[in-house]
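File shown: start.pdb. Contents: PDB, C-alpha atoms.
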```pdb
ATOM      1  CA  MET R   1       6.786   8.887  75.695
ATOM      2  CA  LYS R   2       6.763   6.273  78.446
ATOM      3  CA  CYS R   3       4.623   3.163  78.774
ATOM      4  CA  GLN R   4       1.652   3.823  81.021
ATOM      5  CA  THR R   5       2.247   0.640  83.038
ATOM      6  CA  CYS R   6       6.056   0.495  83.314
ATOM      7  CA  PRO R   7       9.025   2.886  82.913
ATOM      8  CA  SER R   8       9.978   1.552  79.433
ATOM      9  CA  PRO R   9       9.487   3.696  76.305
ATOM     10  CA  ALA R  10       6.055   3.338  74.644
ATOM     11  CA  THR R  11       6.209   1.755  71.202
ATOM     12  CA  LEU R  12       2.515   0.949  70.691
ATOM     13  CA  HIS R  13      -0.239   3.527  70.860
ATOM     14  CA  ILE R  14      -3.855   2.364  71.006
ATOM     15  CA  THR R  15      -6.823   4.664  70.552
ATOM     16  CA  GLU R  16     -10.118   3.214  71.741
ATOM     17  CA  ILE R  17     -13.405   4.862  70.927
ATOM     18  CA  VAL R  18     -16.134   3.953  73.370
ATOM     19  CA  LYS R  19     -19.533   5.614  72.973
ATOM     20  CA  GLY R  20     -17.963   8.410  70.933
ATOM     21  CA  VAL R  21     -15.191   9.152  73.469
ATOM     22  CA  ALA R  22     -11.598   8.502  72.439
ATOM     23  CA  ALA R  23      -9.161   7.103  75.002
ATOM     24  CA  GLU R  24      -5.456   6.803  74.213
ATOM     25  CA  HIS R  25      -3.199   4.133  75.686
ATOM     26  CA  HIS R  26       0.572   4.010  75.357
ATOM     27  CA  PHE R  27       2.445   0.746  75.944
ATOM     28  CA  CYS R  28       5.835  -0.848  75.485
ATOM     29  CA  GLU R  29       5.870  -4.053  73.429
ATOM     30  CA  GLU R  30       5.671  -6.319  76.486
ATOM     31  CA  CYS R  31       2.817  -4.464  78.193
ATOM     32  CA  ALA R  32       0.922  -4.190  74.904
ATOM     33  CA  GLN R  33       1.027  -7.979  74.488
ATOM     34  CA  GLN R  34      -0.274  -8.395  78.038
ATOM     35  CA  TYR R  35      -3.001  -5.800  77.492
ATOM     36  CA  LEU R  36      -4.177  -7.397  74.261
ATOM     37  CA  SER R  37      -4.026 -10.947  75.656
ATOM     38  CA  GLN R  38      -6.299  -9.865  78.524
ATOM     39  CA  ALA R  39      -8.896  -8.831  75.932
ATOM     40  CA  GLU R  40      -8.623 -12.204  74.216
ATOM     41  CA  ALA R  41      -8.913 -14.048  77.542
ATOM     42  CA  LYS R  42     -12.195 -12.263  78.210
ATOM     43  CA  GLY R  43     -13.608 -13.984  75.117
ATOM     44  CA  ASN R  44     -14.316 -10.913  73.055
ATOM     45  CA  ASP R  45     -12.340  -8.817  70.633
ATOM     46  CA  LEU R  46     -12.626  -5.618  72.638
ATOM     47  CA  PRO R  47      -9.571  -4.454  74.580
ATOM     48  CA  ALA R  48      -9.582  -5.062  78.333
ATOM     49  CA  GLY R  49     -11.484  -2.481  80.306
ATOM     50  CA  VAL R  50     -13.760  -1.600  77.414
ATOM     51  CA  ALA R  51     -17.345  -2.646  78.014
ATOM     52  CA  ALA R  52     -19.620  -2.947  75.009
ATOM     53  CA  ASP R  53     -23.255  -2.133  75.468
ATOM     54  CA  GLU R  54     -25.453  -5.220  75.840
ATOM     55  CA  GLU R  55     -27.136  -4.774  72.463
ATOM     56  CA  GLY R  56     -23.835  -4.527  70.612
ATOM     57  CA  GLU R  57     -22.379  -7.463  72.506
ATOM     58  CA  SER R  58     -25.362  -9.700  71.795
ATOM     59  CA  LYS R  59     -25.282  -8.749  68.105
ATOM     60  CA  LEU R  60     -21.557  -9.494  67.970
ATOM     61  CA  LYS R  61     -22.097 -12.926  69.563
ATOM     62  CA  GLU R  62     -24.898 -13.591  67.072
ATOM     63  CA  LEU R  63     -22.654 -12.599  64.143
ATOM     64  CA  ASP R  64     -19.817 -14.740  65.459
ATOM     65  CA  GLN R  65     -22.084 -17.800  65.198
ATOM     66  CA  LEU R  66     -22.628 -17.283  61.455
ATOM     67  CA  ALA R  67     -20.847 -19.965  59.465
ATOM     68  CA  CYS R  68     -20.343 -20.669  55.786
ATOM     69  CA  PRO R  69     -22.312 -23.765  54.757
ATOM     70  CA  ASN R  70     -19.581 -24.699  52.282
ATOM     71  CA  CYS R  71     -16.269 -24.407  54.165
ATOM     72  CA  GLY R  72     -17.565 -24.014  57.723
ATOM     73  CA  ILE R  73     -15.559 -20.911  58.632
ATOM     74  CA  THR R  74     -17.331 -18.770  61.220
ATOM     75  CA  PHE R  75     -17.541 -15.008  61.125
ATOM     76  CA  LYS R  76     -15.498 -14.926  64.339
ATOM     77  CA  GLU R  77     -12.695 -16.881  62.643
ATOM     78  CA  PHE R  78     -12.812 -14.434  59.725
ATOM     79  CA  ARG R  79     -12.535 -11.466  62.080
ATOM     80  CA  LYS R  80      -9.603 -13.073  63.863
ATOM     81  CA  GLN R  81      -7.688 -14.194  60.757
ATOM     82  CA  GLY R  82      -8.748 -11.475  58.355
ATOM     83  CA  ARG R  83      -9.189 -14.095  55.620
ATOM     84  CA  LEU R  84     -12.195 -15.857  54.197
ATOM     85  CA  GLY R  85     -12.247 -19.609  53.666
ATOM     86  CA  CYS R  86     -13.886 -19.893  50.246
ATOM     87  CA  PRO R  87     -15.740 -17.831  47.601
ATOM     88  CA  HIS R  88     -19.093 -18.781  49.176
ATOM     89  CA  ASP R  89     -18.184 -16.757  52.281
ATOM     90  CA  TYR R  90     -18.941 -13.575  50.360
ATOM     91  CA  ILE R  91     -22.562 -14.721  50.178
ATOM     92  CA  ALA R  92     -22.731 -16.180  53.701
ATOM     93  CA  PHE R  93     -21.355 -12.984  55.291
ATOM     94  CA  GLN R  94     -22.706 -10.545  52.697
ATOM     95  CA  GLU R  95     -24.465  -8.149  55.089
ATOM     96  CA  GLU R  96     -21.348  -7.801  57.238
ATOM     97  CA  LEU R  97     -18.826  -7.690  54.384
ATOM     98  CA  ILE R  98     -20.421  -5.036  52.181
ATOM     99  CA  PRO R  99     -19.948  -2.139  54.642
ATOM    100  CA  LEU R 100     -16.467  -3.429  55.460
ATOM    101  CA  LEU R 101     -15.424  -3.597  51.795
ATOM    102  CA  GLU R 102     -16.917  -0.186  51.031
ATOM    103  CA  ASN R 103     -15.028   1.276  53.963
ATOM    104  CA  ILE R 104     -11.704  -0.297  53.001
ATOM    105  CA  HIS R 105     -11.802  -0.158  49.194
ATOM    106  CA  GLY R 106     -14.529   2.364  48.429
ATOM    107  CA  GLU R 107     -16.170  -0.256  46.171
ATOM    108  CA  THR R 108     -17.705  -3.684  46.537
ATOM    109  CA  GLN R 109     -16.817  -4.957  43.095
ATOM    110  CA  HIS R 110     -13.347  -5.783  41.829
ATOM    111  CA  PHE R 111     -12.761  -4.575  38.304
ATOM    112  CA  GLY R 112      -9.215  -5.798  37.866
ATOM    113  CA  LYS R 113      -6.798  -4.694  35.230
ATOM    114  CA  VAL R 114      -6.998  -5.135  31.488
ATOM    115  CA  PRO R 115      -3.772  -5.569  29.543
ATOM    116  CA  LYS R 116      -2.940  -2.479  27.488
ATOM    117  CA  ARG R 117      -2.575  -4.554  24.320
ATOM    118  CA  THR R 118      -6.061  -6.053  24.613
ATOM    119  CA  PRO R 119      -8.017  -5.336  21.415
ATOM    120  CA  ASP R 120     -11.038  -3.047  21.714
ATOM    121  CA  ASP R 121     -13.290  -5.855  20.470
ATOM    122  CA  SER R 122     -12.275  -8.060  23.411
ATOM    123  CA  ARG R 123     -12.979  -5.255  25.858
ATOM    124  CA  LYS R 124     -16.380  -4.652  24.290
ATOM    125  CA  GLN R 125     -17.212  -8.362  24.382
ATOM    126  CA  TYR R 126     -16.293  -8.503  28.072
ATOM    127  CA  ARG R 127     -18.454  -5.445  28.719
ATOM    128  CA  LEU R 128     -21.374  -7.031  26.801
ATOM    129  CA  ILE R 129     -21.153 -10.206  28.883
ATOM    130  CA  LYS R 130     -21.127  -8.172  32.071
ATOM    131  CA  LEU R 131     -24.076  -6.019  30.978
ATOM    132  CA  ARG R 132     -26.115  -9.084  30.003
ATOM    133  CA  GLY R 133     -25.543 -10.520  33.473
ATOM    134  CA  GLU R 134     -26.646  -7.246  35.074
ATOM    135  CA  LEU R 135     -29.716  -7.240  32.802
ATOM    136  CA  LYS R 136     -30.734 -10.708  34.028
ATOM    137  CA  VAL R 137     -30.399  -9.557  37.633
ATOM    138  CA  ALA R 138     -32.402  -6.376  36.981
ATOM    139  CA  ILE R 139     -35.204  -8.380  35.343
ATOM    140  CA  ALA R 140     -35.219 -10.905  38.200
ATOM    141  CA  GLU R 141     -35.495  -8.036  40.693
ATOM    142  CA  GLU R 142     -38.236  -6.462  38.544
ATOM    143  CA  SER R 143     -36.198  -3.279  38.203
ATOM    144  CA  TYR R 144     -37.524  -2.499  34.746
ATOM    145  CA  GLU R 145     -36.148   1.033  34.432
ATOM    146  CA  GLN R 146     -32.643  -0.241  35.144
ATOM    147  CA  ALA R 147     -33.262  -3.155  32.752
ATOM    148  CA  ALA R 148     -34.268  -0.735  29.994
ATOM    149  CA  LYS R 149     -31.080   1.301  30.481
ATOM    150  CA  LEU R 150     -28.995  -1.857  30.384
ATOM    151  CA  ARG R 151     -30.812  -3.072  27.259
ATOM    152  CA  ASP R 152     -30.093   0.242  25.515
ATOM    153  CA  GLU R 153     -26.427   0.089  26.522
ATOM    154  CA  ILE R 154     -26.184  -3.498  25.228
ATOM    155  CA  GLN R 155     -27.748  -2.500  21.906
ATOM    156  CA  ARG R 156     -25.368   0.452  21.588
ATOM    157  CA  LEU R 157     -22.327  -1.742  22.238
ATOM    158  CA  GLU R 158     -23.562  -4.415  19.829
ATOM    159  CA  LEU R 159     -23.905  -1.782  17.096
ATOM    160  CA  GLU R 160     -20.376  -0.517  17.823
ATOM    161  CA  THR R 161     -18.923  -4.004  17.501
ATOM    162  CA  GLN R 162     -20.834  -4.669  14.261
ATOM    163  CA  THR R 163     -20.126  -1.309  12.581
ATOM    164  CA  PRO R 164     -16.380  -1.745  11.936
ATOM    165  CA  ALA R 165     -16.924  -5.201  10.435
ATOM    166  CA  SER R 166     -19.631  -3.977   8.054
ATOM    167  CA  GLU R 167     -17.485  -0.970   7.039
ATOM    168  CA  GLU R 168     -14.625  -3.323   6.141
ATOM    169  CA  GLU R 169     -16.980  -5.415   4.023
ATOM    170  CA  ASN R 170     -18.060  -2.313   2.069
ATOM    171  CA  GLU R 171     -14.437  -1.419   1.171
TER     172      GLU R 171
END
```
Just give me the structure of the file as structure tokens.
Amino acid sequence: MKCQTCPSPATLHITEIVKGVAAEHHFCEECAQQYLSQAEAKGNDLPAGVAADEEGESKLKELDQLACPNCGITFKEFRKQGRLGCPHDYIAFQEELIPLLENIHGETQHFGKVPKRTPDDSRKQYRLIKLRGELKVAIAEESYEQAAKLRDEIQRLELETQTPASEEENE
């Protein structure tokens, strides 16, 4: 396939979706750089020739002004770099990050890995700490049904951790 602006072979293919309509562009490396730099020169992150509706553009400008009170990174800088500046950014940009994280990872909470050799007691203790934290949040939010479920789960886990120790004492 040839570049749509010069006779060179197309190496970059861009699909833009504007108001539900997909438009494909095919460029060589040189023309793609020029095309993308035109978008940056316009002062927005949309490719050249793509006009955002006024509402979307004003919301984007408003979001770009958001800044973390701790490190000072703006949302625009985050969008450009793809990296946050500090852990407080997750709170500062929470409304914008949650849908993004759900879309990318399918979850908004990192669970990490647990070493295979970790004793069951350690895993249960970690789970208890996590559940107690969730219980505090549920109580603060006055979500009493959720708090009751968490309380029951905590009690169940506490009994499980105490049972093996008491069985050993009886032997």
So which residues touch stretch 135-139 of chain R within 12 Å, counting all atoms listed in the file, skipping near sequence neighbours fewer than 2 positions away, as a ChimeraX atom specification? /R:128-133,141-154
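Nearest residue to R:Cys71, choosing from R:Lys2, R:His110, R:Arg83, R:His88 and counting all atoms listed in the file: R:His88.
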Please compute the atom CA of R:Gly72-atom CA of R:Cys86 distance, one decimal, in Å. 9.3 Å
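You can rank R:Cys3, R:His105, R:Pro99, R:Cys68 by their closest distance to R:Leu84 using only C-alpha atoms, and at the top of that list sits R:Cys68.
Taking atom CA of R:Gly82 and atom CA of R:Leu36 as the two end points, the separation is 17.0 Å.
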Given the file above and the PyMOL selection byres ((chain R and resi 124) around 12), which residues are selected, and can you give them as a list in words? Val114, Thr118, Pro119, Asp120, Asp121, Ser122, Arg123, Gln125, Tyr126, Arg127, Leu128, Ile129, Lys130, Leu131, Glu153, Ile154, Gln155, Arg156, Leu157, Glu158, Leu159, Glu160, Thr161 and Gln162 of chain R
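One finds atom CA of R:Asp89 at 8.3 Å from atom CA of R:Ala67.
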Around all the atoms of stretch 119-130 of chain R listed in the file, with 3 Å of room on each side, what axis-aligned box do you get, giving centre and edge lengths in Å to one decimal, as AutoDock Vina command-line options?
```
--center_x -14.7 --center_y -6.6 --center_z 26.3 --size_x 19.4 --size_y 13.2 --size_z 17.6
```
Exactly which residues make up the result of the PyMOL selection byres ((chain R and resi 26) around 9) on this file, given as an MDAnalysis selection string? chainID R and resid 1:5 9:15 24:25 27:28 32
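Comparing the minimum interatomic distances between R:Gln94 and each of R:Lys59, R:Val21, R:Leu66, R:Gln81, counting only C-alpha atoms, we find that R:Leu66 sits nearest.
With only C-alpha atoms as the atoms that count, the minimum distance from R:Thr108 to the choices R:Lys76, R:Tyr35, R:Leu60, R:Tyr90 is reached by R:Tyr90.
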Could you write stretch 76-112 of chain R as a JSON list (two decimals), in the frame of the given file, with N, CA and C atoms rebuilt where they are missing?
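Writing done, so here's result06.json:
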```json
[["chain", "number", "residue", "atom", "x", "y", "z"],
["R", 76, "LYS", "N", -16.50, -15.23, 63.32],
["R", 76, "LYS", "CA", -15.50, -14.93, 64.34],
["R", 76, "LYS", "C", -14.10, -15.30, 63.84],
["R", 77, "GLU", "N", -13.99, -16.47, 63.19],
["R", 77, "GLU", "CA", -12.70, -16.88, 62.64],
["R", 77, "GLU", "C", -12.23, -15.89, 61.58],
["R", 78, "PHE", "N", -13.16, -15.43, 60.75],
["R", 78, "PHE", "CA", -12.81, -14.43, 59.72],
["R", 78, "PHE", "C", -12.29, -13.16, 60.37],
["R", 79, "ARG", "N", -12.97, -12.70, 61.42],
["R", 79, "ARG", "CA", -12.54, -11.47, 62.08],
["R", 79, "ARG", "C", -11.16, -11.64, 62.71],
["R", 80, "LYS", "N", -10.89, -12.81, 63.22],
["R", 80, "LYS", "CA", -9.60, -13.07, 63.86],
["R", 80, "LYS", "C", -8.48, -13.18, 62.84],
["R", 81, "GLN", "N", -8.72, -13.94, 61.76],
["R", 81, "GLN", "CA", -7.69, -14.19, 60.76],
["R", 81, "GLN", "C", -7.60, -13.11, 59.70],
["R", 82, "GLY", "N", -8.73, -12.47, 59.41],
["R", 82, "GLY", "CA", -8.75, -11.48, 58.36],
["R", 82, "GLY", "C", -8.83, -12.09, 56.97],
["R", 83, "ARG", "N", -9.10, -13.40, 56.91],
["R", 83, "ARG", "CA", -9.19, -14.10, 55.62],
["R", 83, "ARG", "C", -10.45, -14.95, 55.58],
["R", 84, "LEU", "N", -11.03, -15.01, 54.41],
["R", 84, "LEU", "CA", -12.20, -15.86, 54.20],
["R", 84, "LEU", "C", -11.73, -17.25, 53.80],
["R", 85, "GLY", "N", -12.62, -18.23, 53.96],
["R", 85, "GLY", "CA", -12.25, -19.61, 53.67],
["R", 85, "GLY", "C", -12.50, -20.04, 52.24],
["R", 86, "CYS", "N", -13.55, -19.49, 51.61],
["R", 86, "CYS", "CA", -13.89, -19.89, 50.25],
["R", 86, "CYS", "C", -14.72, -18.79, 49.59],
["R", 87, "PRO", "N", -14.96, -18.86, 48.29],
["R", 87, "PRO", "CA", -15.74, -17.83, 47.60],
["R", 87, "PRO", "C", -17.18, -17.72, 48.11],
["R", 88, "HIS", "N", -17.72, -18.80, 48.68],
["R", 88, "HIS", "CA", -19.09, -18.78, 49.18],
["R", 88, "HIS", "C", -19.25, -17.91, 50.43],
["R", 89, "ASP", "N", -18.14, -17.59, 51.08],
["R", 89, "ASP", "CA", -18.18, -16.76, 52.28],
["R", 89, "ASP", "C", -18.71, -15.35, 51.97],
["R", 90, "TYR", "N", -18.46, -14.90, 50.74],
["R", 90, "TYR", "CA", -18.94, -13.58, 50.36],
["R", 90, "TYR", "C", -20.47, -13.53, 50.39],
["R", 91, "ILE", "N", -21.10, -14.65, 50.13],
["R", 91, "ILE", "CA", -22.56, -14.72, 50.18],
["R", 91, "ILE", "C", -23.02, -14.94, 51.62],
["R", 92, "ALA", "N", -22.35, -15.85, 52.33],
["R", 92, "ALA", "CA", -22.73, -16.18, 53.70],
["R", 92, "ALA", "C", -22.61, -14.97, 54.63],
["R", 93, "PHE", "N", -21.59, -14.14, 54.43],
["R", 93, "PHE", "CA", -21.36, -12.98, 55.29],
["R", 93, "PHE", "C", -21.63, -11.66, 54.58],
["R", 94, "GLN", "N", -22.48, -11.69, 53.57],
["R", 94, "GLN", "CA", -22.71, -10.54, 52.70],
["R", 94, "GLN", "C", -23.06, -9.27, 53.46],
["R", 95, "GLU", "N", -24.01, -9.36, 54.38],
["R", 95, "GLU", "CA", -24.46, -8.15, 55.09],
["R", 95, "GLU", "C", -23.34, -7.51, 55.89],
["R", 96, "GLU", "N", -22.44, -8.32, 56.42],
["R", 96, "GLU", "CA", -21.35, -7.80, 57.24],
["R", 96, "GLU", "C", -20.18, -7.34, 56.37],
["R", 97, "LEU", "N", -19.98, -7.99, 55.23],
["R", 97, "LEU", "CA", -18.83, -7.69, 54.38],
["R", 97, "LEU", "C", -19.01, -6.44, 53.54],
["R", 98, "ILE", "N", -20.21, -6.18, 53.07],
["R", 98, "ILE", "CA", -20.42, -5.04, 52.18],
["R", 98, "ILE", "C", -19.97, -3.72, 52.83],
["R", 99, "PRO", "N", -20.43, -3.39, 54.05],
["R", 99, "PRO", "CA", -19.95, -2.14, 54.64],
["R", 99, "PRO", "C", -18.44, -2.15, 54.88],
["R", 100, "LEU", "N", -17.90, -3.31, 55.22],
["R", 100, "LEU", "CA", -16.47, -3.43, 55.46],
["R", 100, "LEU", "C", -15.68, -3.17, 54.17],
["R", 101, "LEU", "N", -16.11, -3.79, 53.07],
["R", 101, "LEU", "CA", -15.42, -3.60, 51.80],
["R", 101, "LEU", "C", -15.56, -2.16, 51.29],
["R", 102, "GLU", "N", -16.74, -1.58, 51.45],
["R", 102, "GLU", "CA", -16.92, -0.19, 51.03],
["R", 102, "GLU", "C", -16.02, 0.74, 51.83],
["R", 103, "ASN", "N", -15.87, 0.45, 53.11],
["R", 103, "ASN", "CA", -15.03, 1.28, 53.96],
["R", 103, "ASN", "C", -13.56, 1.15, 53.58],
["R", 104, "ILE", "N", -13.11, -0.06, 53.31],
["R", 104, "ILE", "CA", -11.70, -0.30, 53.00],
["R", 104, "ILE", "C", -11.36, 0.11, 51.57],
["R", 105, "HIS", "N", -12.15, -0.35, 50.60],
["R", 105, "HIS", "CA", -11.80, -0.16, 49.19],
["R", 105, "HIS", "C", -12.59, 0.93, 48.49],
["R", 106, "GLY", "N", -13.70, 1.36, 49.08],
["R", 106, "GLY", "CA", -14.53, 2.36, 48.43],
["R", 106, "GLY", "C", -15.48, 1.74, 47.41],
["R", 107, "GLU", "N", -15.33, 0.47, 47.14],
["R", 107, "GLU", "CA", -16.17, -0.26, 46.17],
["R", 107, "GLU", "C", -16.43, -1.65, 46.71],
["R", 108, "THR", "N", -17.44, -2.30, 46.15],
["R", 108, "THR", "CA", -17.70, -3.68, 46.54],
["R", 108, "THR", "C", -17.50, -4.63, 45.38],
["R", 109, "GLN", "N", -17.03, -4.12, 44.26],
["R", 109, "GLN", "CA", -16.82, -4.96, 43.10],
["R", 109, "GLN", "C", -15.40, -4.74, 42.59],
["R", 110, "HIS", "N", -14.71, -5.85, 42.35],
["R", 110, "HIS", "CA", -13.35, -5.78, 41.83],
["R", 110, "HIS", "C", -13.40, -5.73, 40.30],
["R", 111, "PHE", "N", -12.75, -4.73, 39.75],
["R", 111, "PHE", "CA", -12.76, -4.58, 38.30],
["R", 111, "PHE", "C", -11.51, -5.15, 37.67],
["R", 112, "GLY", "N", -10.44, -5.22, 38.40],
["R", 112, "GLY", "CA", -9.22, -5.80, 37.87],
["R", 112, "GLY", "C", -8.57, -4.92, 36.82]]
```
